[in-house]
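Source file: coords34.txt. Holds: compact mmCIF, C-alpha atoms and all ligand atoms.
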# COMPACT_ATOMS: atom_id res chain seq x y z
CA MET A 1 0.00 0.00 0.00
CA ALA A 2 1.78 3.11 -1.17
CA GLY A 3 -1.05 5.51 -0.39
CA VAL A 4 -2.80 8.12 -2.44
CA LYS A 5 -0.22 10.72 -1.45
CA VAL A 6 2.62 8.78 -3.11
CA LEU A 7 0.51 8.26 -6.20
CA ALA A 8 -0.41 11.93 -6.45
CA GLU A 9 3.26 12.88 -6.19
CA SER A 10 4.60 10.24 -8.57
CA SER A 11 7.08 11.43 -11.19
CA VAL A 12 4.65 10.61 -14.00
CA VAL A 13 2.31 13.55 -13.92
CA LEU A 14 -1.16 12.14 -13.52
CA LYS A 15 -3.64 13.55 -15.99
CA SER A 16 -6.44 11.22 -15.12
CA VAL A 17 -7.57 9.19 -12.17
CA PRO A 18 -6.51 5.50 -12.25
CA SER A 19 -9.60 3.35 -12.74
CA LYS A 20 -9.64 1.83 -9.26
CA PHE A 21 -10.58 5.27 -7.87
CA ASN A 22 -13.43 5.78 -10.31
CA PHE A 23 -16.52 6.96 -8.57
CA VAL A 24 -19.36 8.64 -10.38
CA ASN A 25 -19.78 11.89 -8.59
CA GLU A 26 -22.77 14.03 -8.35
CA PRO A 27 -20.68 17.15 -7.91
CA THR A 28 -23.33 19.81 -7.52
CA ALA A 29 -23.56 21.60 -4.21
CA SER A 30 -24.73 25.09 -3.29
CA ASN A 31 -23.53 27.70 -0.89
CA SER A 32 -25.72 28.41 2.06
CA ASP A 33 -25.54 31.33 4.41
CA SER A 34 -28.02 29.69 6.74
CA ILE A 35 -25.81 26.94 8.20
CA PRO A 36 -26.28 27.56 11.94
CA ILE A 37 -23.48 29.28 13.85
CA ILE A 38 -23.40 28.63 17.58
CA ASP A 39 -21.44 30.88 19.93
CA PHE A 40 -20.14 28.55 22.63
CA SER A 41 -19.25 31.40 25.00
CA LEU A 42 -22.97 32.20 25.32
CA ILE A 43 -23.70 28.64 26.48
CA THR A 44 -21.46 29.21 29.47
CA SER A 45 -22.72 32.77 29.85
CA ALA A 46 -24.07 34.00 33.16
CA GLN A 47 -26.76 36.06 31.49
CA PRO A 48 -29.94 33.97 31.54
CA ASP A 49 -31.60 35.58 28.51
CA GLN A 50 -28.50 35.20 26.30
CA ARG A 51 -28.12 31.66 27.48
CA SER A 52 -31.71 30.62 26.86
CA ARG A 53 -31.55 32.15 23.38
CA VAL A 54 -28.45 30.15 22.43
CA ILE A 55 -29.90 26.94 23.91
CA GLN A 56 -32.90 27.45 21.69
CA GLU A 57 -30.68 28.04 18.64
CA LEU A 58 -28.68 24.93 19.47
CA GLY A 59 -31.81 22.78 19.66
CA LYS A 60 -32.97 24.13 16.34
CA ALA A 61 -29.57 23.51 14.73
CA CYS A 62 -29.52 19.85 15.88
CA GLN A 63 -33.08 19.34 14.72
CA GLU A 64 -33.04 21.10 11.38
CA TRP A 65 -29.46 20.69 10.18
CA GLY A 66 -27.79 18.11 12.43
CA PHE A 67 -24.80 20.30 11.87
CA PHE A 68 -23.45 23.65 13.08
CA ILE A 69 -20.39 25.87 13.12
CA LEU A 70 -19.07 26.40 16.64
CA VAL A 71 -17.30 29.71 17.35
CA ASN A 72 -15.78 31.14 20.54
CA HIS A 73 -15.23 27.57 21.70
CA GLY A 74 -12.14 28.37 23.75
CA ILE A 75 -9.81 25.86 22.05
CA PRO A 76 -6.53 27.73 21.49
CA GLU A 77 -5.45 28.18 17.87
CA ASN A 78 -2.05 26.73 18.79
CA ASP A 79 -3.61 23.44 19.83
CA MET A 80 -5.27 23.12 16.43
CA GLU A 81 -2.09 24.14 14.61
CA ALA A 82 -0.16 21.49 16.52
CA MET A 83 -2.61 18.84 15.30
CA PHE A 84 -2.20 19.85 11.65
CA GLU A 85 1.55 19.86 12.01
CA ALA A 86 1.68 16.46 13.67
CA ALA A 87 -0.78 14.95 11.18
CA SER A 88 1.15 16.20 8.15
CA GLU A 89 4.40 14.94 9.64
CA PHE A 90 2.76 11.56 9.98
CA PHE A 91 1.59 11.45 6.36
CA TYR A 92 5.00 12.63 5.11
CA MET A 93 6.85 9.82 6.89
CA PRO A 94 8.35 7.14 4.62
CA ALA A 95 5.95 4.36 3.58
CA GLU A 96 8.06 1.77 5.51
CA GLU A 97 7.42 3.62 8.76
CA LYS A 98 3.67 3.66 8.20
CA ARG A 99 3.42 0.07 6.97
CA GLN A 100 3.32 -1.33 10.53
CA TYR A 101 -0.03 0.39 11.01
CA GLU A 102 -1.77 -1.07 7.99
CA PRO A 103 -4.95 -2.60 9.41
CA LYS A 104 -5.10 -6.30 10.11
CA ASN A 105 -8.53 -6.00 11.73
CA ALA A 106 -11.13 -3.26 11.47
CA SER A 107 -10.93 -2.83 15.25
CA ASP A 108 -7.16 -2.20 15.45
CA PRO A 109 -6.67 0.83 17.73
CA ILE A 110 -4.00 2.34 15.48
CA LYS A 111 -4.42 2.13 11.74
CA CYS A 112 -3.58 4.02 8.58
CA GLY A 113 -3.86 3.52 4.86
CA ASN A 114 -6.48 3.96 2.22
CA PHE A 115 -9.90 2.52 2.00
CA ASN A 116 -12.02 0.48 -0.41
CA VAL A 117 -15.76 0.89 -0.47
CA THR A 118 -18.37 -1.25 -2.20
CA ASP A 119 -21.45 0.64 -3.33
CA THR A 120 -25.05 -0.55 -3.73
CA SER A 121 -24.42 -1.77 -7.30
CA ASN A 122 -21.55 -3.89 -5.98
CA GLN A 123 -18.82 -1.72 -7.49
CA THR A 124 -15.67 -1.46 -5.42
CA PHE A 125 -13.58 1.68 -5.54
CA THR A 126 -10.72 3.21 -3.58
CA LEU A 127 -11.12 6.53 -1.81
CA TRP A 128 -8.80 9.39 -2.80
CA ARG A 129 -7.67 9.81 0.77
CA ASP A 130 -5.01 8.56 3.16
CA TYR A 131 -6.13 8.28 6.75
CA LEU A 132 -4.79 7.78 10.25
CA LYS A 133 -7.32 6.48 12.79
CA LEU A 134 -6.63 6.14 16.50
CA TYR A 135 -8.68 5.11 19.50
CA VAL A 136 -7.88 7.81 22.05
CA HIS A 137 -10.32 7.15 24.92
CA PRO A 138 -10.93 5.34 27.30
CA GLU A 139 -7.53 3.96 26.25
CA PHE A 140 -5.11 6.27 24.53
CA HIS A 141 -3.33 4.81 21.49
CA CYS A 142 -0.80 6.72 19.42
CA PRO A 143 2.06 5.83 17.04
CA LEU A 144 5.55 6.53 18.41
CA LYS A 145 6.37 8.68 15.39
CA PRO A 146 6.25 11.52 14.66
CA GLU A 147 7.31 12.38 18.18
CA ILE A 148 5.29 15.58 18.32
CA LEU A 149 2.04 13.68 17.82
CA ARG A 150 1.57 12.17 21.28
CA GLU A 151 1.55 15.32 23.36
CA ALA A 152 -0.47 17.33 20.85
CA LEU A 153 -3.06 14.59 20.54
CA LEU A 154 -3.35 13.94 24.29
CA ASN A 155 -3.98 17.61 24.90
CA TYR A 156 -6.40 17.96 21.98
CA SER A 157 -8.42 14.84 22.79
CA VAL A 158 -8.87 15.89 26.44
CA LYS A 159 -10.10 19.32 25.33
CA MET A 160 -12.45 17.80 22.76
CA ARG A 161 -13.88 15.53 25.48
CA LYS A 162 -14.59 18.48 27.72
CA LEU A 163 -16.20 20.34 24.85
CA ALA A 164 -18.32 17.29 23.97
CA GLY A 165 -19.44 17.01 27.60
CA ALA A 166 -20.46 20.68 27.76
CA LEU A 167 -22.31 20.54 24.44
CA LEU A 168 -24.11 17.32 25.35
CA GLU A 169 -25.26 18.94 28.61
CA ALA A 170 -26.64 21.85 26.63
CA ILE A 171 -28.24 19.50 24.08
CA SER A 172 -29.91 17.58 26.98
CA GLU A 173 -31.39 20.89 28.07
CA THR A 174 -32.70 21.63 24.58
CA MET A 175 -34.76 18.44 24.90
CA GLY A 176 -36.04 19.31 28.37
CA LEU A 177 -33.85 16.73 30.13
CA GLU A 178 -31.65 17.20 33.19
CA LYS A 179 -28.26 18.63 32.25
CA SER A 180 -26.40 15.55 33.47
CA TYR A 181 -28.84 13.05 31.95
CA MET A 182 -26.58 11.92 29.11
CA GLU A 183 -23.44 11.88 31.17
CA GLU A 184 -25.09 9.49 33.63
CA THR A 185 -27.04 7.24 31.30
CA LEU A 186 -24.42 6.98 28.55
CA ASN A 187 -21.34 6.55 30.77
CA LEU A 188 -19.60 9.51 29.25
CA GLU A 189 -16.70 9.33 31.71
CA SER A 190 -15.54 6.31 29.70
CA MET A 191 -16.75 7.64 26.34
CA PHE A 192 -15.37 6.03 23.22
CA GLN A 193 -13.38 8.64 21.38
CA LEU A 194 -11.97 8.13 17.92
CA PHE A 195 -9.43 10.40 16.27
CA ALA A 196 -9.02 10.57 12.50
CA ALA A 197 -6.70 12.61 10.33
CA ASN A 198 -7.66 12.68 6.65
CA PHE A 199 -5.20 13.61 3.92
CA TYR A 200 -6.65 14.42 0.48
CA PRO A 201 -3.97 15.18 -2.14
CA PRO A 202 -4.90 17.26 -5.21
CA CYS A 203 -6.80 15.08 -7.67
CA PRO A 204 -6.40 15.52 -11.49
CA GLN A 205 -10.13 14.82 -12.05
CA PRO A 206 -11.97 15.81 -8.88
CA ASP A 207 -15.32 14.67 -10.29
CA HIS A 208 -14.09 11.16 -11.07
CA ALA A 209 -13.07 10.20 -7.55
CA ILE A 210 -14.16 10.98 -4.02
CA GLY A 211 -12.50 11.62 -0.66
CA ILE A 212 -15.29 10.11 1.45
CA PRO A 213 -18.67 9.13 -0.07
CA PRO A 214 -21.93 10.19 1.61
CA HIS A 215 -22.21 8.69 5.11
CA THR A 216 -23.39 9.53 8.61
CA ASP A 217 -21.13 9.33 11.66
CA HIS A 218 -21.98 6.66 14.24
CA GLY A 219 -21.30 8.48 17.53
CA LEU A 220 -22.92 11.32 19.46
CA LEU A 221 -20.97 14.39 18.31
CA THR A 222 -18.22 14.75 15.71
CA PHE A 223 -15.82 17.70 15.70
CA LEU A 224 -14.00 18.59 12.49
CA ILE A 225 -11.39 21.20 11.66
CA HIS A 226 -9.61 21.55 8.32
CA ASN A 227 -6.56 23.33 6.93
CA GLY A 228 -8.54 26.04 5.11
CA VAL A 229 -9.05 24.03 1.92
CA ALA A 230 -12.75 23.48 1.17
CA GLY A 231 -14.16 19.99 0.60
CA LEU A 232 -16.79 19.07 3.17
CA GLN A 233 -20.38 19.02 1.96
CA ILE A 234 -23.53 18.26 3.93
CA GLU A 235 -27.00 17.19 2.95
CA HIS A 236 -29.94 19.30 4.02
CA ASN A 237 -33.51 18.66 2.87
CA GLY A 238 -32.26 16.47 0.03
CA GLU A 239 -29.76 19.01 -1.32
CA TRP A 240 -26.00 19.27 -0.93
CA PHE A 241 -24.33 22.34 0.58
CA HIS A 242 -20.72 23.43 0.94
CA ALA A 243 -19.82 23.47 4.61
CA ASN A 244 -17.50 26.46 4.45
CA SER A 245 -16.42 27.56 7.87
CA PRO A 246 -14.54 30.55 9.26
CA GLN A 247 -10.93 30.13 10.32
CA ASN A 248 -10.57 28.55 13.77
CA SER A 249 -14.18 27.48 14.03
CA ILE A 250 -15.13 23.86 14.69
CA LEU A 251 -17.66 22.04 12.53
CA VAL A 252 -19.93 19.93 14.70
CA ASN A 253 -22.32 17.26 13.55
CA THR A 254 -24.73 15.11 15.52
CA GLY A 255 -24.24 11.39 14.89
CA ASP A 256 -26.43 8.29 14.73
CA GLN A 257 -26.34 7.64 18.50
CA LEU A 258 -27.66 11.11 19.23
CA GLU A 259 -30.47 10.72 16.69
CA ILE A 260 -31.45 7.43 18.33
CA PHE A 261 -31.09 8.71 21.91
CA SER A 262 -33.15 11.83 21.13
CA ASN A 263 -35.86 9.65 19.52
CA GLY A 264 -35.34 11.55 16.28
CA ARG A 265 -35.11 15.11 17.62
CA CYS A 266 -31.46 15.48 16.61
CA ARG A 267 -30.60 14.46 13.07
CA SER A 268 -27.61 12.51 11.90
CA VAL A 269 -27.06 14.02 8.48
CA LYS A 270 -25.21 12.69 5.47
CA HIS A 271 -22.00 14.41 4.56
CA ARG A 272 -19.12 13.75 2.14
CA ALA A 273 -15.63 14.98 1.35
CA VAL A 274 -15.01 16.10 -2.25
CA LEU A 275 -11.70 16.79 -3.98
CA ASN A 276 -9.98 19.60 -5.82
CA ASN A 277 -7.11 19.65 -8.31
CA GLU A 278 -4.92 22.28 -6.67
CA LYS A 279 -4.35 21.92 -3.00
CA THR A 280 -3.85 19.21 -0.41
CA ARG A 281 -6.63 19.18 2.12
CA ILE A 282 -6.20 17.88 5.66
CA SER A 283 -9.03 17.42 8.11
CA ILE A 284 -8.74 16.55 11.79
CA VAL A 285 -11.76 14.71 13.13
CA VAL A 286 -12.67 13.68 16.68
CA ALA A 287 -15.74 11.47 17.04
CA ASN A 288 -17.19 11.33 20.55
CA GLY A 289 -19.53 8.49 21.47
CA PRO A 290 -21.01 6.81 24.54
CA SER A 291 -18.97 4.09 26.24
CA LEU A 292 -18.65 0.96 24.11
CA ASN A 293 -20.74 -1.15 26.48
CA THR A 294 -23.66 1.29 26.61
CA VAL A 295 -26.87 -0.16 25.21
CA LEU A 296 -28.21 2.92 23.56
CA GLY A 297 -31.87 3.43 22.68
CA PRO A 298 -34.28 6.36 22.76
CA ALA A 299 -34.25 8.08 26.20
CA PRO A 300 -37.26 6.82 28.24
CA PRO A 301 -38.54 10.33 29.19
CA LEU A 302 -38.62 11.25 25.50
CA VAL A 303 -40.34 7.99 24.54
CA ALA A 304 -42.96 8.69 27.25
CA ARG A 305 -43.50 12.16 25.84
CA ASP A 306 -43.70 10.95 22.22
CA GLY A 307 -45.86 7.93 22.99
CA ARG A 308 -43.55 5.59 21.07
CA ALA A 309 -39.92 4.66 20.50
CA SER A 310 -38.85 5.33 16.93
CA TYR A 311 -35.61 3.29 17.05
CA LEU A 312 -34.41 -0.06 18.34
CA PRO A 313 -31.72 -0.11 21.03
CA MET A 314 -28.30 -1.64 20.42
CA LYS A 315 -25.00 -1.91 22.27
CA TYR A 316 -22.70 0.79 20.86
CA GLU A 317 -19.86 -1.65 20.30
CA GLU A 318 -22.14 -3.84 18.18
CA TYR A 319 -23.43 -0.82 16.32
CA ILE A 320 -19.91 0.11 15.25
CA GLU A 321 -19.13 -3.46 14.22
CA SER A 322 -22.35 -3.79 12.21
CA GLN A 323 -21.73 -0.49 10.51
CA LEU A 324 -18.33 -1.74 9.43
CA THR A 325 -19.73 -4.93 7.94
CA LYS A 326 -23.47 -5.39 7.35
CA SER A 327 -24.59 -1.95 6.30
CA ARG A 328 -22.26 -1.76 3.38
CA VAL A 329 -23.45 -5.06 1.98
CA ILE A 330 -27.13 -4.30 2.40
CA GLY A 331 -26.71 -0.84 0.95
CA LYS A 332 -29.03 0.71 3.47
CA SER A 333 -27.58 2.67 6.33
CA LEU A 334 -27.56 1.03 9.72
CA LEU A 335 -29.44 4.00 11.15
CA GLU A 336 -32.27 3.34 8.70
CA GLN A 337 -32.29 -0.30 9.76
CA MET A 338 -32.72 0.74 13.38
CA MET A 339 -35.84 2.80 12.70
CA ILE A 340 -39.19 1.47 13.86
CA ARG A 341 -41.72 2.45 11.24
CA GLU A 342 -45.28 3.30 12.03
CA ASN A 343 -47.73 1.57 9.74
C1 LIG B 1 -15.25 11.75 8.55
C2 LIG B 1 -15.63 12.83 7.63
C3 LIG B 1 -15.03 14.71 6.27
C4 LIG B 1 -13.85 15.54 5.90
O1 LIG B 1 -14.02 11.60 8.78
O2 LIG B 1 -16.15 11.06 9.05
O3 LIG B 1 -16.79 12.95 7.36
O4 LIG B 1 -14.10 16.65 5.43
N1 LIG B 1 -14.68 13.64 7.12
O5 LIG B 1 -12.73 15.10 6.04
NI NI B 2 -18.05 11.78 8.70
Would you put the structure from the file into structure tokens?
Amino acid sequence: MAGVKVLAESSVVLKSVPSKFNFVNEPTASNSDSIPIIDFSLITSAQPDQRSRVIQELGKACQEWGFFILVNHGIPENDMEAMFEAASEFFYMPAEEKRQYEPKNASDPIKCGNFNVTDTSNQTFTLWRDYLKLYVHPEFHCPLKPEILREALLNYSVKMRKLAGALLEAISETMGLEKSYMEETLNLESMFQLFAANFYPPCPQPDHAIGIPPHTDHGLLTFLIHNGVAGLQIEHNGEWFHANSPQNSILVNTGDQLEIFSNGRCRSVKHRAVLNNEKTRISIVVANGPSLNTVLGPAPPLVARDGRASYLPMKYEEYIESQLTKSRVIGKSLLEQMMIREN
């Protein structure tokens, strides 16, 4: 496995995408100035009217978009910079150094490489992306090299956990639950936290390959930052939108577990990463979930209020495993399979 990076830099200048990457893209997406922006400093604000306004906005963002841009989040710019630096150092290491982390099992706590996906018409294609994926909580796993990675990642993952905790408290409130309801019922002190760095080299034919095809994230909340190169798109009411975000903001999306827990109040929306032919794009992703042994289903107080549960419960660990295997074969997302339909 040489990686997409090596291919993109090969001495033969690539004019077209090698056939194994071929993916028929539906490249259209629009700009939207209505992607919600949430000011985190107001959530911790002492002023009750400001606070209740932002809680209301947050609830609306989770319900209507499943996605928002978080500003004034208090994560220092230097901490983010350190993550980009460490991630690029990792991807620029020689292939021999990275080879030890090629996955043997899907559940390896440290893995890197590129990824094959089989679509609903049984076509297999390779994603135009190199990745590094690490399990960082409750156990912290990190490659020994590059040396700067460990400290930067430890610091960043702790801060992302705190941020996830604070946002989940606020999201509990938006649904009329006790602030600490999720922390207690979902064992957030041993939350499963997954780190991913994505490296998308310039692609000679951006419409003939894809970085990550449309998918939803399996956890509660995903945090994404990128190096200023656009590429993330999100689905909203059946249309695709560019998720452009201001410098130093954090893109947050609500995942499958939050949709299930909220009995459908929060939405886990589809998103994808598209390519460009000029610049390398790097994204740093932290996915925050419940603990792996939590059996997650719709919260009982919400089910009582709604008169019915709209989703089946499942142990989070099994959910992740099934998403890795079954859903891709069936061609229907696992989240859709968990829905209880009214007839
Ligand atoms: C992901 C993801 C998008 C991006 O890693 O789950 O959706 O822009 N990444 O890298
Ligand atoms: Ni994603």
Please provide as a compact mmCIF listing (two decimals) with C-alpha atoms, keeping the file's coordinate frame all residues within 8 Å of His73 of chain A, with the sequence filter that same-chain residues fewer than 6 positions apart are discarded (counting all atoms listed in the file).
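As a result, out_35.txt now contains:
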# COMPACT_ATOMS: atom_id res chain seq x y z
CA ASP A 39 -21.44 30.88 19.93
CA PHE A 40 -20.14 28.55 22.63
CA SER A 41 -19.25 31.40 25.00
CA LEU A 163 -16.20 20.34 24.85
CA SER A 249 -14.18 27.48 14.03
CA ILE A 250 -15.13 23.86 14.69
Exercise for the section: Name the closest residue to Arg308 of chain A among the candidates A:Ala86, A:Ala273, A:Ile340, A:Val17; distances are taken between atoms, counting all atoms listed in the file. Expected result: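 Closest to Arg308 of chain A, using all atoms listed in the file: A:Ile340.
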Practice task
Tell me which of A:Asn253, A:Gln63, A:Asn198, A:Asn78 sits closest to ligand LIG 1 (chain B), counting only C-alpha atoms and all ligand atoms.
Solution key: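 Among the listed residues, the smallest separation from ligand LIG 1 (chain B) belongs to A:Asn198.
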Fill in the blank from the handout: Students should find that atom CA of Ala243 of chain A and atom CA of Leu275 of chain A are spaced 13.6 Å
Problem - Counting all atoms listed in the file, the residue of A:Ser291, A:Ser333, A:Ser245, A:Thr126 that sits nearest Ser32 of chain A - result: A:Ser245
Practice task
Enter the distance from atom CA of Ser34 of chain A to atom CA of Leu168 of chain A, in Å, rounded to one decimal.
Solution key: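 These atoms are spaced 22.7 Å apart.
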Given a cut-off of 12 Å, what residues near ligand NI 2 (chain B) show up using all atoms listed in the file, put as a CSV table (one decimal) with C-alpha atoms, in the frame of the given file?
chain,number,residue,atom,x,y,z
A,67,PHE,CA,-24.8,20.3,11.9
A,194,LEU,CA,-12.0,8.1,17.9
A,195,PHE,CA,-9.4,10.4,16.3
A,196,ALA,CA,-9.0,10.6,12.5
A,197,ALA,CA,-6.7,12.6,10.3
A,198,ASN,CA,-7.7,12.7,6.6
A,211,GLY,CA,-12.5,11.6,-0.7
A,212,ILE,CA,-15.3,10.1,1.4
A,213,PRO,CA,-18.7,9.1,-0.1
A,214,PRO,CA,-21.9,10.2,1.6
A,215,HIS,CA,-22.2,8.7,5.1
A,216,THR,CA,-23.4,9.5,8.6
A,217,ASP,CA,-21.1,9.3,11.7
A,218,HIS,CA,-22.0,6.7,14.2
A,219,GLY,CA,-21.3,8.5,17.5
A,220,LEU,CA,-22.9,11.3,19.5
A,221,LEU,CA,-21.0,14.4,18.3
A,222,THR,CA,-18.2,14.8,15.7
A,223,PHE,CA,-15.8,17.7,15.7
A,224,LEU,CA,-14.0,18.6,12.5
A,225,ILE,CA,-11.4,21.2,11.7
A,232,LEU,CA,-16.8,19.1,3.2
A,233,GLN,CA,-20.4,19.0,2.0
A,234,ILE,CA,-23.5,18.3,3.9
A,235,GLU,CA,-27.0,17.2,3.0
A,251,LEU,CA,-17.7,22.0,12.5
A,252,VAL,CA,-19.9,19.9,14.7
A,253,ASN,CA,-22.3,17.3,13.6
A,254,THR,CA,-24.7,15.1,15.5
A,255,GLY,CA,-24.2,11.4,14.9
A,256,ASP,CA,-26.4,8.3,14.7
A,268,SER,CA,-27.6,12.5,11.9
A,269,VAL,CA,-27.1,14.0,8.5
A,270,LYS,CA,-25.2,12.7,5.5
A,271,HIS,CA,-22.0,14.4,4.6
A,272,ARG,CA,-19.1,13.8,2.1
A,273,ALA,CA,-15.6,15.0,1.4
A,283,SER,CA,-9.0,17.4,8.1
A,284,ILE,CA,-8.7,16.6,11.8
A,285,VAL,CA,-11.8,14.7,13.1
A,286,VAL,CA,-12.7,13.7,16.7
A,287,ALA,CA,-15.7,11.5,17.0
A,288,ASN,CA,-17.2,11.3,20.6
Problem - atom CA of Gln205 of chain A to atom CA of Glu239 of chain A, distance in Å rounded to a single decimal - result: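 The value is 22.8 Å.
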Report the centre and edge lengths, in Å to one decimal, of an axis-aligned box enclosing every atom of ligand LIG 1 (chain B) listed in the file, padded by 4 Å on each side, as JSON.
{"center_x": -14.8, "center_y": 13.9, "center_z": 7.2, "size_x": 12.1, "size_y": 13.6, "size_z": 11.6}
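Nearest-residue note for Tyr131 of chain A: choosing from A:Ala87, A:Leu58, A:Ala164, A:Ala304, the minimum distance belongs to A:Ala87, counting only C-alpha atoms.
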Problem - Nearest-residue call for Gly289 of chain A, choices A:Ile75, A:Ile210, A:Ile320, A:Ala152, using only C-alpha atoms - result: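 For Gly289 of chain A, the nearest of the given residues is A:Ile320.
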Your completed segment 114-128 of chain A with N, CA, C and O atoms, as a short mmCIF file (atom, residue, chain, number, x, y, z; two decimals), in the frame of the given file:
data_model
loop_
_atom_site.label_atom_id
_atom_site.label_comp_id
_atom_site.auth_asym_id
_atom_site.auth_seq_id
_atom_site.Cartn_x
_atom_site.Cartn_y
_atom_site.Cartn_z
N ASN A 114 -5.33 3.45 2.95
CA ASN A 114 -6.48 3.96 2.22
C ASN A 114 -7.56 2.91 2.24
O ASN A 114 -7.38 1.84 2.79
N PHE A 115 -8.69 3.23 1.68
CA PHE A 115 -9.90 2.52 2.00
C PHE A 115 -10.66 2.15 0.75
O PHE A 115 -10.82 2.97 -0.15
N ASN A 116 -11.15 0.89 0.70
CA ASN A 116 -12.02 0.48 -0.41
C ASN A 116 -13.46 0.45 0.05
O ASN A 116 -13.74 0.04 1.17
N VAL A 117 -14.34 0.87 -0.80
CA VAL A 117 -15.76 0.89 -0.47
C VAL A 117 -16.51 0.16 -1.58
O VAL A 117 -16.16 0.28 -2.75
N THR A 118 -17.52 -0.61 -1.20
CA THR A 118 -18.37 -1.25 -2.20
C THR A 118 -19.73 -0.56 -2.17
O THR A 118 -20.33 -0.43 -1.11
N ASP A 119 -20.18 -0.10 -3.32
CA ASP A 119 -21.45 0.64 -3.33
C ASP A 119 -22.64 -0.30 -3.56
O ASP A 119 -22.47 -1.52 -3.64
N THR A 120 -23.83 0.27 -3.64
CA THR A 120 -25.05 -0.55 -3.73
C THR A 120 -25.10 -1.38 -5.01
O THR A 120 -25.75 -2.41 -5.06
N SER A 121 -24.41 -0.95 -6.09
CA SER A 121 -24.42 -1.77 -7.30
C SER A 121 -23.20 -2.69 -7.34
O SER A 121 -22.80 -3.17 -8.40
N ASN A 122 -22.64 -2.93 -6.14
CA ASN A 122 -21.55 -3.89 -5.98
C ASN A 122 -20.25 -3.51 -6.67
O ASN A 122 -19.43 -4.35 -7.00
N GLN A 123 -20.06 -2.23 -6.91
CA GLN A 123 -18.82 -1.72 -7.49
C GLN A 123 -17.88 -1.37 -6.35
O GLN A 123 -18.28 -0.68 -5.42
N THR A 124 -16.64 -1.82 -6.45
CA THR A 124 -15.67 -1.46 -5.42
C THR A 124 -14.75 -0.37 -5.95
O THR A 124 -14.32 -0.42 -7.10
N PHE A 125 -14.51 0.63 -5.13
CA PHE A 125 -13.58 1.68 -5.54
C PHE A 125 -12.76 2.13 -4.34
O PHE A 125 -13.14 1.92 -3.19
N THR A 126 -11.62 2.75 -4.63
CA THR A 126 -10.72 3.21 -3.58
C THR A 126 -10.95 4.71 -3.37
O THR A 126 -11.15 5.44 -4.33
N LEU A 127 -10.93 5.11 -2.11
CA LEU A 127 -11.12 6.53 -1.81
C LEU A 127 -9.82 7.30 -2.05
O LEU A 127 -8.74 6.81 -1.73
N TRP A 128 -9.95 8.50 -2.56
CA TRP A 128 -8.80 9.39 -2.80
C TRP A 128 -8.44 10.09 -1.48
O TRP A 128 -8.68 11.27 -1.30
#
